[in-house]
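Next up, input33.txt (compact mmCIF, C-alpha atoms):
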# COMPACT_ATOMS: atom_id res chain seq x y z
CA MET I 1 95.81 74.06 89.50
CA LYS I 2 99.22 73.48 91.06
CA HIS I 3 99.30 74.43 94.76
CA PHE I 4 102.25 76.83 94.68
CA LYS I 5 103.62 79.04 97.39
CA TYR I 6 103.59 82.78 96.65
CA ILE I 7 106.73 84.73 97.47
CA SER I 8 106.99 88.51 97.16
CA PRO I 9 110.54 89.76 97.72
CA THR I 10 111.13 93.51 97.94
CA THR I 11 114.54 93.64 96.28
CA VAL I 12 115.96 92.16 93.09
CA GLU I 13 118.80 90.55 95.07
CA GLU I 14 116.34 88.83 97.37
CA ALA I 15 114.35 87.53 94.39
CA ILE I 16 117.46 86.15 92.68
CA ALA I 17 118.72 84.57 95.91
CA PHE I 18 115.39 82.82 96.48
CA TYR I 19 115.37 81.59 92.91
CA GLY I 20 118.93 80.31 93.39
CA GLN I 21 117.79 78.07 96.23
CA HIS I 22 114.79 76.68 94.34
CA SER I 23 115.76 77.08 90.70
CA GLU I 24 114.10 73.88 89.49
CA THR I 25 110.76 74.65 91.07
CA SER I 26 110.45 78.45 90.94
CA LYS I 27 108.94 80.77 88.39
CA PHE I 28 109.17 84.56 88.33
CA MET I 29 105.93 86.40 87.81
CA ALA I 30 104.97 90.05 87.27
CA GLY I 31 101.34 90.85 86.45
CA GLY I 32 100.52 87.17 86.07
CA THR I 33 98.18 87.59 83.10
CA ASP I 34 100.20 84.99 81.21
CA VAL I 35 101.80 83.02 84.04
CA ILE I 36 98.50 82.33 85.83
CA VAL I 37 96.93 81.09 82.57
CA LYS I 38 99.87 78.72 82.11
CA VAL I 39 99.61 77.44 85.69
CA LYS I 40 95.85 76.98 85.33
CA GLU I 41 96.34 75.04 82.11
CA GLY I 42 99.03 72.89 83.70
CA TRP I 43 101.79 74.05 81.33
CA LEU I 44 103.69 75.38 84.34
CA GLU I 45 103.76 73.60 87.68
CA PRO I 46 105.90 75.72 89.99
CA ASP I 47 106.26 75.06 93.71
CA TYR I 48 107.06 78.73 94.15
CA LEU I 49 105.78 81.76 92.28
CA ILE I 50 108.14 84.66 92.90
CA SER I 51 106.23 87.89 92.36
CA LEU I 52 108.34 90.85 91.27
CA ASN I 53 105.57 93.37 91.97
CA LYS I 54 106.81 94.47 95.40
CA ILE I 55 110.24 95.46 94.08
CA GLU I 56 109.82 99.22 94.02
CA GLU I 57 112.56 100.17 91.56
CA MET I 58 111.10 97.77 88.98
CA GLY I 59 107.81 99.68 88.96
CA GLU I 60 109.22 103.12 88.22
CA LEU I 61 108.58 105.12 85.04
CA TYR I 62 110.55 108.35 84.64
CA LYS I 63 112.69 110.43 82.35
CA ASN I 64 116.09 111.48 83.61
CA ASP I 65 116.10 115.30 83.59
CA ALA I 66 119.81 115.53 82.84
CA THR I 67 120.35 112.75 80.29
CA LYS I 68 116.78 112.75 78.86
CA GLU I 69 116.92 108.98 78.98
CA LEU I 70 113.53 107.30 79.51
CA SER I 71 113.43 104.52 82.07
CA ILE I 72 110.60 101.99 82.10
CA GLY I 73 110.64 99.53 85.00
CA ALA I 74 109.80 95.99 83.94
CA THR I 75 106.70 95.81 86.14
CA VAL I 76 105.20 99.05 84.82
CA THR I 77 101.77 98.04 83.52
CA HIS I 78 100.54 98.66 80.02
CA ALA I 79 97.77 100.86 81.47
CA THR I 80 100.31 103.04 83.31
CA LEU I 81 102.14 103.62 80.03
CA GLU I 82 98.87 104.16 78.18
CA LYS I 83 97.73 106.85 80.65
CA SER I 84 101.10 108.62 80.89
CA LEU I 85 100.97 112.05 79.25
CA MET I 86 104.71 111.84 78.63
CA ILE I 87 104.33 108.56 76.74
CA GLN I 88 101.33 109.85 74.79
CA THR I 89 103.10 112.99 73.62
CA GLU I 90 106.78 112.07 73.38
CA TYR I 91 106.68 108.34 72.60
CA PRO I 92 103.50 107.86 70.52
CA ILE I 93 104.76 104.54 69.17
CA ILE I 94 104.74 103.11 72.71
CA TYR I 95 101.24 104.49 73.29
CA ASP I 96 99.99 102.99 70.02
CA ALA I 97 101.26 99.57 71.01
CA VAL I 98 100.41 99.33 74.71
CA SER I 99 96.91 100.79 74.33
CA ASN I 100 95.97 97.79 72.21
CA VAL I 101 97.53 94.99 74.25
CA GLY I 102 94.99 92.45 75.53
CA SER I 103 92.02 94.22 77.07
CA LEU I 104 91.72 97.00 79.63
CA GLN I 105 91.53 94.34 82.35
CA VAL I 106 94.78 92.80 81.11
CA ARG I 107 96.52 96.16 80.61
CA ASN I 108 95.67 97.16 84.19
CA VAL I 109 97.65 94.20 85.50
CA GLY I 110 99.95 92.96 82.73
CA THR I 111 103.42 94.49 82.54
CA ILE I 112 105.74 95.60 79.76
CA GLY I 113 108.50 93.35 81.14
CA GLY I 114 106.20 90.34 81.17
CA ASN I 115 105.19 91.08 77.61
CA LEU I 116 108.86 91.08 76.51
CA ILE I 117 109.87 88.00 78.47
CA ASN I 118 107.00 85.95 77.03
CA ALA I 119 108.66 86.50 73.65
CA VAL I 120 105.64 85.71 71.55
CA PRO I 121 106.39 86.49 67.88
CA SER I 122 103.70 89.18 67.97
CA ALA I 123 105.07 90.91 71.10
CA ASP I 124 103.28 94.24 70.76
CA GLY I 125 105.46 95.69 73.49
CA ALA I 126 108.75 94.82 71.81
CA ILE I 127 108.24 96.52 68.44
CA PRO I 128 108.19 100.13 69.70
CA LEU I 129 111.05 99.52 72.12
CA ILE I 130 113.17 98.14 69.27
CA ALA I 131 112.24 101.08 67.05
CA LEU I 132 113.32 103.42 69.85
CA ASP I 133 116.71 101.63 70.18
CA GLY I 134 115.75 100.46 73.69
CA MET I 135 118.18 98.71 76.00
CA ALA I 136 117.17 95.99 78.44
CA LEU I 137 118.86 95.90 81.83
CA LEU I 138 119.13 92.33 83.11
CA HIS I 139 120.10 91.32 86.63
CA GLY I 140 121.10 87.78 87.49
CA PRO I 141 123.19 85.73 89.89
CA ASP I 142 126.33 87.01 88.12
CA GLY I 143 125.33 90.66 88.30
CA GLU I 144 123.95 93.11 85.78
CA ARG I 145 124.23 93.26 82.01
CA SER I 146 122.68 95.41 79.38
CA VAL I 147 121.51 94.21 75.94
CA GLU I 148 119.64 95.80 73.08
CA VAL I 149 115.94 94.92 73.25
CA LYS I 150 116.16 93.48 69.72
CA HIS I 151 118.72 90.95 70.97
CA LEU I 152 116.50 89.71 73.80
CA PHE I 153 114.74 87.26 71.52
CA ILE I 154 116.24 84.09 70.09
CA ALA I 155 113.18 82.11 69.05
CA PRO I 156 109.44 82.09 69.69
CA TYR I 157 108.93 81.99 73.48
CA GLN I 158 112.68 82.04 74.08
CA THR I 159 114.83 84.91 75.30
CA ILE I 160 118.52 85.18 76.10
CA LEU I 161 117.74 85.38 79.82
CA LYS I 162 119.67 82.83 81.84
CA PRO I 163 118.02 80.90 84.67
CA GLY I 164 117.55 83.22 87.62
CA GLU I 165 118.02 86.34 85.54
CA ILE I 166 115.45 89.13 85.79
CA LEU I 167 114.60 91.88 83.32
CA LYS I 168 114.82 94.92 85.57
CA LYS I 169 114.04 97.79 83.25
CA ILE I 170 114.17 99.14 79.72
CA THR I 171 115.90 102.39 78.91
CA ILE I 172 115.29 104.52 75.83
CA PRO I 173 118.05 106.89 74.72
CA PRO I 174 117.15 110.56 74.21
CA GLN I 175 115.11 111.20 71.11
CA ASP I 176 116.50 113.41 68.37
CA PRO I 177 114.48 116.52 67.51
CA HIS I 178 112.12 116.08 64.54
CA THR I 179 111.31 112.47 65.37
CA GLY I 180 107.93 110.88 64.75
CA SER I 181 106.87 107.31 65.47
CA ALA I 182 103.77 105.18 65.06
CA TYR I 183 102.66 101.57 65.45
CA ILE I 184 99.67 99.64 64.20
CA LYS I 185 98.49 96.30 65.41
CA PHE I 186 96.56 94.81 62.55
CA GLY I 187 94.07 92.16 63.64
CA ARG I 188 90.40 91.28 63.77
CA ARG I 189 88.92 91.73 67.23
CA ALA I 190 89.74 94.93 69.12
CA ALA I 191 90.75 93.07 72.27
CA MET I 192 92.43 89.85 73.37
CA GLU I 193 93.69 89.41 69.86
CA LEU I 194 97.16 88.61 68.66
CA PRO I 195 97.91 90.79 65.66
CA LEU I 196 97.98 89.31 62.17
CA ILE I 197 100.90 91.64 61.74
CA GLY I 198 102.38 94.53 63.73
CA ILE I 199 104.13 97.43 62.05
CA GLY I 200 106.14 100.14 63.81
CA VAL I 201 107.87 103.01 62.03
CA LEU I 202 110.12 105.72 63.47
CA LEU I 203 111.51 108.54 61.35
CA THR I 204 113.83 111.42 62.18
CA THR I 205 114.37 114.28 59.75
CA ALA I 206 116.84 117.11 59.45
CA ASP I 207 115.76 120.68 60.19
CA ASP I 208 114.15 120.90 56.76
CA LEU I 209 111.52 118.43 58.09
CA GLU I 210 111.99 116.36 54.93
CA THR I 211 115.40 114.76 54.72
CA CYS I 212 115.47 111.51 56.62
CA THR I 213 118.39 111.14 59.04
CA LYS I 214 117.16 108.00 60.82
CA ALA I 215 114.61 105.33 59.97
CA ARG I 216 113.38 102.33 61.89
CA ILE I 217 110.89 99.88 60.43
CA CYS I 218 110.04 97.10 62.88
CA LEU I 219 107.72 94.20 62.25
CA GLY I 220 105.97 91.79 64.60
CA VAL I 221 104.66 88.35 63.50
CA ALA I 222 106.73 88.83 60.34
CA ALA I 223 109.45 86.40 61.51
CA PRO I 224 109.97 84.01 64.44
CA THR I 225 111.15 87.00 66.51
CA PRO I 226 110.51 90.75 66.12
CA MET I 227 112.52 92.00 63.14
CA ARG I 228 113.74 95.19 61.51
CA ALA I 229 113.38 95.73 57.76
CA LEU I 230 116.93 96.97 57.34
CA GLU I 231 116.88 97.34 53.54
CA ALA I 232 113.73 99.44 53.67
CA GLU I 233 115.30 101.60 56.39
CA LYS I 234 118.43 102.04 54.25
CA LEU I 235 116.34 103.23 51.33
CA LEU I 236 114.88 106.07 53.40
CA VAL I 237 117.98 107.45 55.09
CA GLY I 238 119.38 110.50 53.30
CA LYS I 239 116.30 110.86 51.09
CA LYS I 240 113.46 113.35 51.20
CA ILE I 241 110.49 111.60 52.76
CA ASN I 242 107.27 111.66 50.79
CA GLU I 243 104.49 109.24 49.97
CA GLU I 244 106.28 107.93 46.89
CA ILE I 245 109.38 106.79 48.72
CA LEU I 246 107.31 105.36 51.58
CA VAL I 247 105.42 103.23 49.05
CA GLU I 248 108.79 101.96 47.86
CA ALA I 249 109.92 101.30 51.45
CA GLY I 250 106.69 99.37 52.05
CA LYS I 251 107.40 97.12 49.08
CA ILE I 252 110.94 96.43 50.23
CA ALA I 253 109.84 95.77 53.82
CA ALA I 254 107.17 93.36 52.57
CA GLY I 255 109.88 91.55 50.63
CA GLU I 256 112.14 91.37 53.67
CA SER I 257 109.41 90.00 55.94
CA GLN I 258 109.39 86.26 56.52
CA VAL I 259 105.64 85.99 56.98
CA ARG I 260 103.97 82.58 57.07
CA ASP I 261 100.53 81.13 56.58
CA SER I 262 98.95 80.41 59.94
CA ILE I 263 95.54 79.71 61.37
CA ARG I 264 95.04 83.46 61.83
CA GLY I 265 96.06 84.67 58.40
CA LYS I 266 97.74 84.00 55.09
CA ALA I 267 101.29 85.03 54.19
CA TRP I 268 100.26 86.97 51.07
CA HIS I 269 97.77 88.99 53.10
CA ARG I 270 100.34 89.75 55.76
CA LYS I 271 102.81 90.92 53.12
CA GLU I 272 100.18 93.19 51.66
CA MET I 273 99.49 94.65 55.10
CA VAL I 274 103.21 95.31 55.66
CA ARG I 275 103.34 97.09 52.31
CA VAL I 276 100.31 99.26 53.05
CA HIS I 277 101.01 100.02 56.70
CA VAL I 278 104.69 100.93 56.34
CA ARG I 279 103.47 103.75 54.08
CA ARG I 280 100.64 104.74 56.42
CA MET I 281 102.79 104.67 59.56
CA GLY I 282 105.52 106.59 57.71
CA LEU I 283 103.03 109.30 56.77
CA GLN I 284 101.82 109.41 60.36
CA CYS I 285 105.44 109.91 61.51
CA LEU I 286 105.76 112.79 59.08
CA ASP I 287 102.55 114.37 60.42
CA ILE I 288 103.85 114.09 63.97
CA ILE I 289 107.21 115.64 63.01
CA ARG I 290 105.54 118.57 61.26
CA ASN I 291 102.91 119.15 63.95
CA ASN I 292 105.60 119.30 66.63
CA SER I 293 107.79 121.75 64.76
CA MET L 1 100.81 77.59 101.46
CA THR L 2 98.19 79.57 103.36
CA THR L 3 98.37 83.28 103.93
CA ASN L 4 96.27 85.69 105.97
CA ILE L 5 95.10 88.62 103.95
CA SER L 6 92.91 91.57 104.73
CA PHE L 7 91.22 93.86 102.29
CA LEU L 8 88.25 96.15 101.88
CA LEU L 9 85.40 94.42 100.02
CA ASN L 10 82.50 96.65 99.00
CA GLY L 11 83.30 98.84 101.98
CA ASP L 12 83.61 96.05 104.54
CA GLU L 13 86.91 95.10 106.16
CA ILE L 14 87.60 91.44 105.47
CA SER L 15 90.28 89.16 106.89
CA TYR L 16 90.61 85.73 105.35
CA GLU L 17 92.97 82.80 105.49
CA ILE L 18 93.55 81.91 101.88
CA LYS L 19 95.59 79.42 99.91
CA ASP L 20 98.30 81.01 97.77
CA HIS L 21 97.05 79.45 94.54
CA TRP L 22 93.49 80.74 94.89
CA THR L 23 92.41 83.34 92.39
CA LEU L 24 90.39 86.30 93.60
CA LEU L 25 87.46 84.83 91.64
CA HIS L 26 87.74 81.55 93.58
CA LEU L 27 87.88 83.41 96.88
CA LEU L 28 84.81 85.49 96.04
CA ARG L 29 82.63 82.77 94.57
CA GLU L 30 83.66 79.46 96.07
CA GLU L 31 84.82 80.54 99.52
CA MET L 32 82.77 83.65 100.29
CA GLY L 33 79.67 82.73 98.30
CA LEU L 34 79.59 85.98 96.36
CA ILE L 35 78.39 84.46 93.11
CA GLY L 36 77.50 87.72 91.38
CA THR L 37 80.91 87.72 89.74
CA LYS L 38 80.87 85.16 86.93
CA GLU L 39 83.44 82.75 85.59
CA GLY L 40 83.30 82.69 81.80
CA CYS L 41 86.47 81.47 80.13
CA GLY L 42 88.75 81.40 83.16
CA ASN L 43 91.62 82.64 81.00
CA GLY L 44 91.17 86.40 80.85
CA GLU L 45 89.57 86.37 77.41
CA CYS L 46 85.95 87.23 78.17
CA GLY L 47 85.78 89.74 81.02
CA ALA L 48 82.82 88.08 82.77
CA CYS L 49 84.80 87.94 86.02
CA THR L 50 85.69 91.66 86.02
CA VAL L 51 85.92 93.25 89.47
CA ILE L 52 87.49 96.56 90.50
CA VAL L 53 90.77 96.49 92.45
CA ASP L 54 92.04 99.87 93.64
CA LYS L 55 89.84 101.60 91.05
CA LEU L 56 91.10 99.42 88.17
CA ALA L 57 89.03 96.83 86.30
CA VAL L 58 90.78 93.46 86.46
CA ASN L 59 90.00 89.89 85.47
CA SER L 60 89.52 88.22 88.85
CA CYS L 61 90.12 84.80 87.24
CA LEU L 62 93.79 85.75 86.66
CA TYR L 63 94.27 87.81 89.80
CA LEU L 64 95.69 85.95 92.75
CA ALA L 65 93.72 86.36 95.97
CA VAL L 66 97.01 86.82 97.83
CA GLU L 67 97.60 89.99 95.82
CA ALA L 68 94.32 91.45 97.06
CA HIS L 69 95.95 92.04 100.45
CA GLY L 70 95.65 95.70 101.41
CA LYS L 71 93.55 96.51 98.37
CA ILE L 72 90.10 98.00 97.91
CA ILE L 73 87.88 95.55 96.03
CA GLU L 74 84.51 96.31 94.48
CA THR L 75 82.18 93.63 93.12
CA ILE L 76 78.69 93.72 91.64
CA GLU L 77 77.26 92.93 95.10
CA GLY L 78 78.43 96.32 96.33
CA LEU L 79 76.61 98.43 93.78
CA ALA L 80 72.97 98.45 94.88
CA SER L 81 72.02 100.37 98.03
CA THR L 82 71.11 98.40 101.16
CA ASP L 83 67.42 99.16 100.54
CA GLY L 84 67.69 97.41 97.17
CA THR L 85 67.81 100.52 95.00
CA LEU L 86 69.92 99.71 91.99
CA HIS L 87 73.03 101.68 91.05
CA PRO L 88 72.31 103.94 88.04
CA LEU L 89 74.44 101.67 85.85
CA GLN L 90 72.46 98.59 86.89
CA GLN L 91 69.14 100.36 86.38
CA SER L 92 70.29 101.61 83.01
CA PHE L 93 71.26 98.10 81.85
CA VAL L 94 67.78 96.90 82.93
CA ASP L 95 65.97 99.80 81.24
CA ASN L 96 67.91 99.71 77.98
CA GLY L 97 68.04 95.99 77.25
CA GLY L 98 71.72 95.81 78.16
CA ILE L 99 70.89 92.56 79.99
CA GLN L 100 69.61 89.53 78.16
CA CYS L 101 70.89 86.22 79.52
CA GLY L 102 72.73 88.21 82.18
CA PHE L 103 75.93 86.23 82.32
CA CYS L 104 78.20 89.00 81.05
CA SER L 105 76.31 91.73 82.91
CA PRO L 106 78.25 91.86 86.20
CA GLY L 107 81.53 92.08 84.29
CA MET L 108 80.15 94.63 81.82
CA ILE L 109 78.76 96.76 84.62
CA MET L 110 81.95 96.64 86.70
CA ALA L 111 84.11 97.49 83.68
CA SER L 112 81.73 100.36 82.89
CA LYS L 113 81.81 101.54 86.50
CA ALA L 114 85.61 101.61 86.58
CA LEU L 115 85.57 103.69 83.41
CA LEU L 116 82.88 106.17 84.50
CA ASP L 117 84.40 106.56 87.98
CA GLU L 118 87.62 107.67 86.32
CA ASN L 119 86.16 109.44 83.31
CA PRO L 120 82.48 110.42 83.82
CA ASP L 121 82.35 112.03 80.37
CA ALA L 122 83.76 109.07 78.45
CA THR L 123 83.03 109.27 74.74
CA GLU L 124 81.48 106.36 72.87
CA ASP L 125 84.94 105.44 71.54
CA GLU L 126 86.35 105.46 75.07
CA VAL L 127 83.49 103.24 76.25
CA LYS L 128 84.17 100.82 73.40
CA HIS L 129 87.91 100.81 74.18
CA ALA L 130 87.21 100.10 77.87
CA LEU L 131 84.65 97.34 77.19
CA ALA L 132 86.54 95.63 74.35
CA GLY L 133 87.65 92.89 76.77
CA ASN L 134 84.08 91.96 77.73
CA ILE L 135 82.31 89.48 75.51
CA CYS L 136 78.51 89.40 75.22
CA ARG L 137 76.85 86.74 73.07
CA CYS L 138 73.29 88.08 73.29
CA THR L 139 72.92 91.79 72.78
CA GLY L 140 75.16 92.56 69.84
CA TYR L 141 76.63 95.25 72.13
CA VAL L 142 74.48 98.13 70.88
CA GLN L 143 72.14 98.00 73.88
CA ILE L 144 75.13 97.78 76.20
CA LEU L 145 76.66 100.93 74.74
CA GLU L 146 73.25 102.60 75.00
CA SER L 147 72.97 101.50 78.63
CA VAL L 148 76.33 103.03 79.50
CA GLU L 149 75.46 106.22 77.63
CA ALA L 150 72.14 106.55 79.49
CA ALA L 151 73.81 105.79 82.83
CA LYS L 152 76.33 108.53 82.14
CA GLU L 153 73.52 111.06 81.96
CA ASN L 154 71.83 109.72 85.10
CA LEU L 155 75.11 109.69 87.01
CA SER L 156 75.95 113.26 86.09
CA GLY L 157 72.39 114.29 86.98
CA ARG L 158 72.79 112.64 90.38
CA ASP L 159 75.90 114.66 91.14
CA GLN L 160 74.17 118.00 90.58
Written as structure tokens, how would this file's structure read?
Amino acid sequence: MKHFKYISPTTVEEAIAFYGQHSETSKFMAGGTDVIVKVKEGWLEPDYLISLNKIEEMGELYKNDATKELSIGATVTHATLEKSLMIQTEYPIIYDAVSNVGSLQVRNVGTIGGNLINAVPSADGAIPLIALDGMALLHGPDGERSVEVKHLFIAPYQTILKPGEILKKITIPPQDPHTGSAYIKFGRRAAMELPLIGIGVLLTTADDLETCTKARICLGVAAPTPMRALEAEKLLVGKKINEEILVEAGKIAAGESQVRDSIRGKAWHRKEMVRVHVRRMGLQCLDIIRNNS
Amino acid sequence: MTTNISFLLNGDEISYEIKDHWTLLHLLREEMGLIGTKEGCGNGECGACTVIVDKLAVNSCLYLAVEAHGKIIETIEGLASTDGTLHPLQQSFVDNGGIQCGFCSPGMIMASKALLDENPDATEDEVKHALAGNICRCTGYVQILESVEAAKENLSGRDQ
């Protein structure tokens, strides 16, 4: 294992400045559940590991009372999200996803920001944040910028982050009334498993609790980066939501997915699972909407 | 590349000069000789190296020793009483066949302890969710779940 030096700055500025002086030989780290594996395996050989864990503002999870905007610091752990009553009740799609990342031991240490920045095609953490129209706040040597979470990813294991740039937090705009959301990670083992496919659905209805005013259908492992099934979403908006139309949406989403054969599963099977689970997650959204009304 | 850290280990205050790249597992086993904690996969897949840091179960193979500074660490060595009486979880694993080859046991027991400390009435589903990151190749898991269930009863009895 590479003999690195561990640095733990307490502000974002300090972290970026240190990186600036040692950009070729530094690596940012949050929980370390991926970075340490890569260092152990020799895929990364940093002279300096810059831990972001001591930067207080990056570890905060709160909802702004006035704007109702949810703010998730990048170093908030999966377990913190999983145990948050606010997340469980108001953002069930986030709960569904983070409660099945890695194992309890990994969720206790691994962070939502680290999950996003790793940019694996399965990124469990990304799907709900995309469905919720999340924004990522980045901070780099040239200052801050804000991008939609769905635009963070350009290819497997590649994000738009520039060298020295840090993902500071994710914000989620206020949720409309009558919104339900659900995610399923479909895989084999309950833990330490990358999903064969990940399906997240978010639906908002009008006051009649039937007519769809907003739909998000997000898929993980269905393309090189997390994707939205835009045609399937379009089908739902303006229509009365019932099982029949969700079956149709599932078919369209399966058609839109760019699933592949891989060592973990076959493309045809993945398509089938998209088809089935878009319907199931849609029905779950409807249940949530009706139970909360 | 060396750092002085201090932490509470099984109730004892420890100060240690460590190298930044050491994992907590390396510090415990190779430097301090506490070999109760096991190294299975070394990559966070198997849970054999589970210890408790500030009440949370973590994989010590992926946890840097430098990050243990200021923390409260519990390992399998801290469970039994000084007179050798086993912790109810340990006794329960012995009594219920939760231990066969024994290699996963320290990790299983520490993950179970973290769960029951936080949630003494954990349901079977909650136990399964909490132990899903611990691999056992002997028992088929049934005896492990039974061990935790039995320990739950003993632990609650002890509190009364």
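Of note, atom CA of Lys55 of chain L and atom CA of Glu67 of chain L are spaced 14.8 Å apart.
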- Task: Could you please tell me, as a ChimeraX atom specification, which residues of chain L have an atom within 6 Å of chain I when using all atoms listed in the file?
- Result: /L:1,20-21,43,57-59,62,130,132-133
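Separating atom CA of Cys49 of chain L from atom CA of Thr37 of chain L is a distance of 5.4 Å.
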Local residues around (110.5, 79.1, 91.5), at most 7 Å away, using only C-alpha atoms, as an mmCIF file with C-alpha atoms, in the coordinates of the input:
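This went into part22.cif:
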data_model
loop_
_atom_site.group_PDB
_atom_site.id
_atom_site.type_symbol
_atom_site.label_atom_id
_atom_site.label_comp_id
_atom_site.auth_asym_id
_atom_site.auth_seq_id
_atom_site.Cartn_x
_atom_site.Cartn_y
_atom_site.Cartn_z
ATOM 1 C CA TYR I 19 115.370 81.590 92.910
ATOM 2 C CA HIS I 22 114.790 76.680 94.340
ATOM 3 C CA SER I 23 115.760 77.080 90.700
ATOM 4 C CA GLU I 24 114.100 73.880 89.490
ATOM 5 C CA THR I 25 110.760 74.650 91.070
ATOM 6 C CA SER I 26 110.450 78.450 90.940
ATOM 7 C CA LYS I 27 108.940 80.770 88.390
ATOM 8 C CA PHE I 28 109.170 84.560 88.330
ATOM 9 C CA PRO I 46 105.900 75.720 89.990
ATOM 10 C CA ASP I 47 106.260 75.060 93.710
ATOM 11 C CA TYR I 48 107.060 78.730 94.150
ATOM 12 C CA LEU I 49 105.780 81.760 92.280
ATOM 13 C CA ILE I 50 108.140 84.660 92.900
#
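Minimum atom-to-atom distance to Phe93 of chain L, evaluated using only C-alpha atoms, belongs to L:Val148 out of L:Met110, L:Val66, L:Leu25, L:Val148.
Considering only C-alpha atoms, the residue among L:Asp83, L:Asp12, L:Glu126, L:Glu31 positioned nearest to Ala111 of chain L is L:Glu126.
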- Message: Please list as a PyMOL selection string every residue within 9 Å of Ala65 of chain L, counting all atoms listed in the file and excluding residues in the same chain fewer than 6 positions away.
- Response: chain L and resi 5+18-28
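For the atom pair formed by atom CA of Met281 of chain I and atom CA of Gln88 of chain I, the distance is 16.2 Å, given to one decimal.
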- Task: For Leu246 of chain I, list every protein, DNA or RNA residue within 6 Å, evaluated using only C-alpha atoms, and leave out those in the same chain fewer than 3 positions away; present the list as JSON, numbers by chain.
- Result: {"I": [243, 249, 279]}
